[in-house]
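A short worksheet on the structure shown next.
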Amino acid sequence: MTSIEFIKMHGLGNDFVIFDLRAQNMKLSSQVVKEIARRRTGVGCDQLISIEVSKYINKDAKIRIWNADGGEVEACGNAMRCVGYLLLKEGKKTEIVLETPAGDIKVTGNNADRVSVDMGVPRTHWSEIPLAEEYDTLCIDISEGELKNPVGVSMGNPHVVFFVNDVDSIDLDKLGPKIEFHPLFPSRVNVGISEVLGNNQIRLRVWERGVGITNACGTAACAAVVAGVRRKVVLRNTTVNLDGGSLEIEWRSSDNRVIMTGPVSSSFRGSLI
């Protein structure tokens, strides 16, 4: 029986099982992903990532992303840092371009374990997030418990960001799924609970669509800074402190692109038989 090799990595505790399918064959389905992602009986992960050959000569690889519930999704910032690290190291490069469902992602890295990802231009129009009906995304008229009037942002995937006085007082296990599956969000939504600690510091907790509470979420960190700048409570260069650690987020005024920088870690290599 042929074995399929993988590497387990994480970005601030947001963990991934990564399959390099450029030189090995594996048919991934929703059920297969769910079995691999299970913590007790599988390898265990928040997301499963495949690295594939891109048909475009100016792209280093094509990336596909599945959440632990088996759903294929558009974007994952922390996964792009981990995959980027592998491919930068493999090609002995300082910059690569990844083809993703959310568009091309540029990854750069010079330091051994810190990688920067250009997450592109955030989208804030209600139809781009998307919402089921027209709202001002700077203050969406929904509420669940203590959570009210979030900011909507798409970072290639849908986010809402709630600003609160104390993130640790929020029962995210209870409120997260209610917001994720709210009828206003036809593609469901990632939920960020943000506490402003200063004009360049945010504390963030995340309920990730299809996963649940995660130690870190790169696109959520980007969305939180974009939301904070739009609300005029933080600067364009802000540190986002998550349960798993910190990410540096810059929303550049020059071209409106969001750059995320943070560490990556390799856990182990293995194979499925």
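Naming works like this for the structure tokens: A, B, ... for the chains as they're shown, residue 1 at the start of each chain, ligands 1 onward in shown order.
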
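Residues in contact with Val167 of chain A at up to 6 Å, not including ones fewer than 2 positions away on its chain and judged by only C-alpha atoms, are Ser169, Ile170 and Glu195 of chain A.
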
For this session: Name all residues at most 6 Å from Leu242 of chain A (count only C-alpha atoms; drop same-chain ones fewer than 3 positions away) and give them as a ChimeraX atom specification.
Result: /A:204,216,245-246

Residues as selected, N, CA and C atoms, written as an mmCIF file, in the first residue's frame, can you do that?
```cif
data_model
loop_
_atom_site.group_PDB
_atom_site.id
_atom_site.type_symbol
_atom_site.label_atom_id
_atom_site.label_comp_id
_atom_site.auth_asym_id
_atom_site.auth_seq_id
_atom_site.Cartn_x
_atom_site.Cartn_y
_atom_site.Cartn_z
ATOM 1 N N LEU A 204 -7.366 39.912 20.589
ATOM 2 C CA LEU A 204 -8.369 39.317 19.707
ATOM 3 C C LEU A 204 -8.617 37.852 20.049
ATOM 4 N N ALA A 216 -5.337 31.130 17.019
ATOM 5 C CA ALA A 216 -4.951 32.252 16.164
ATOM 6 C C ALA A 216 -5.638 32.112 14.816
ATOM 7 N N GLY A 245 -0.381 33.854 20.465
ATOM 8 C CA GLY A 245 0.765 34.728 20.286
ATOM 9 C C GLY A 245 0.379 35.963 19.492
ATOM 10 N N SER A 246 1.367 36.663 18.956
ATOM 11 C CA SER A 246 1.123 37.966 18.326
ATOM 12 C C SER A 246 1.480 37.973 16.850
#
```

Problem set entry | Which of A:Leu87, A:Met26, A:His10, A:Ser194 sits closest to Ala227 of chain A [using only C-alpha atoms] | A:Ser194

Exercise. What lies within 12 Å of Gly228 of chain A using only C-alpha atoms, ignoring chain neighbours under 6 positions off, as JSON, numbers by chain?
Worked result: {"A": [138, 139, 150, 151, 152, 153, 160, 161, 162, 163, 164, 192, 193, 194, 195, 196, 197, 198, 199, 200, 201, 202, 203, 204, 220, 221, 222, 234, 235, 236, 237, 238, 239, 240, 249, 250, 251]}

For this session: Determine which residues of segment 114-238 of chain A DSSP labels as strand (DSSP E) from the backbone of this structure, then write them out as a ChimeraX atom specification.
Result: /A:114-118,143-144,147-148,151-154,158-163,190-198,201-208,212-214,237-238

Would you output that residue set with C-alpha atoms, as a PDB file, in the first residue's frame?
```pdb
ATOM      1  CA  ARG A 114       9.260  34.787  10.547  1.00  0.00           C
ATOM      2  CA  VAL A 115       7.288  35.101   7.333  1.00  0.00           C
ATOM      3  CA  SER A 116       5.322  37.982   5.823  1.00  0.00           C
ATOM      4  CA  VAL A 117       2.247  37.510   3.656  1.00  0.00           C
ATOM      5  CA  ASP A 118       0.651  40.111   1.410  1.00  0.00           C
ATOM      6  CA  SER A 143     -26.628  41.514  17.906  1.00  0.00           C
ATOM      7  CA  GLU A 144     -26.178  38.322  19.923  1.00  0.00           C
ATOM      8  CA  LEU A 147     -22.143  41.444  21.000  1.00  0.00           C
ATOM      9  CA  LYS A 148     -23.600  44.242  18.901  1.00  0.00           C
ATOM     10  CA  VAL A 151     -17.711  45.763  11.347  1.00  0.00           C
ATOM     11  CA  GLY A 152     -17.780  43.585   8.231  1.00  0.00           C
ATOM     12  CA  VAL A 153     -14.583  42.840   6.284  1.00  0.00           C
ATOM     13  CA  SER A 154     -13.615  40.321   3.629  1.00  0.00           C
ATOM     14  CA  PRO A 158     -15.907  36.683   5.386  1.00  0.00           C
ATOM     15  CA  HIS A 159     -15.333  38.295   8.802  1.00  0.00           C
ATOM     16  CA  VAL A 160     -17.238  40.323  11.350  1.00  0.00           C
ATOM     17  CA  VAL A 161     -15.361  42.119  14.124  1.00  0.00           C
ATOM     18  CA  PHE A 162     -17.046  43.089  17.396  1.00  0.00           C
ATOM     19  CA  PHE A 163     -15.347  45.654  19.646  1.00  0.00           C
ATOM     20  CA  ASN A 190     -15.673  34.161  10.916  1.00  0.00           C
ATOM     21  CA  VAL A 191     -16.228  35.969  14.205  1.00  0.00           C
ATOM     22  CA  GLY A 192     -13.621  38.207  15.850  1.00  0.00           C
ATOM     23  CA  ILE A 193     -13.982  39.676  19.356  1.00  0.00           C
ATOM     24  CA  SER A 194     -11.612  42.612  19.670  1.00  0.00           C
ATOM     25  CA  GLU A 195     -10.454  44.653  22.655  1.00  0.00           C
ATOM     26  CA  VAL A 196      -8.429  47.785  21.917  1.00  0.00           C
ATOM     27  CA  LEU A 197      -5.438  47.971  24.283  1.00  0.00           C
ATOM     28  CA  GLY A 198      -3.895  51.084  22.721  1.00  0.00           C
ATOM     29  CA  GLN A 201      -2.369  47.057  20.212  1.00  0.00           C
ATOM     30  CA  ILE A 202      -5.419  44.793  19.930  1.00  0.00           C
ATOM     31  CA  ARG A 203      -6.399  41.713  21.919  1.00  0.00           C
ATOM     32  CA  LEU A 204      -8.369  39.317  19.707  1.00  0.00           C
ATOM     33  CA  ARG A 205     -10.286  36.095  20.196  1.00  0.00           C
ATOM     34  CA  VAL A 206     -11.635  34.204  17.197  1.00  0.00           C
ATOM     35  CA  TRP A 207     -14.477  31.846  16.389  1.00  0.00           C
ATOM     36  CA  GLU A 208     -13.395  30.427  13.038  1.00  0.00           C
ATOM     37  CA  GLY A 212     -14.664  26.865  16.303  1.00  0.00           C
ATOM     38  CA  ILE A 213     -12.448  28.722  18.760  1.00  0.00           C
ATOM     39  CA  THR A 214      -8.854  28.841  17.515  1.00  0.00           C
ATOM     40  CA  ASN A 237       0.504  49.391  11.962  1.00  0.00           C
ATOM     41  CA  THR A 238      -0.907  47.375  14.850  1.00  0.00           C
TER      42      THR A 238
END
```

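Comparing the minimum interatomic distances between Asn14 of chain A and each of A:Ala223, A:Val211, A:Leu86, A:Val73, counting only C-alpha atoms, we find that A:Val211 sits nearest.
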
For this session: Based on DSSP run over this structure's backbone, return all residues of segment 208-252 of chain A in helix (DSSP H, G or I), as a list of chain:residue names.
Result: A:Gly218, A:Thr219, A:Ala220, A:Ala221, A:Cys222, A:Ala223, A:Ala224, A:Val225, A:Val226, A:Ala227, A:Gly228, A:Val229, A:Arg230
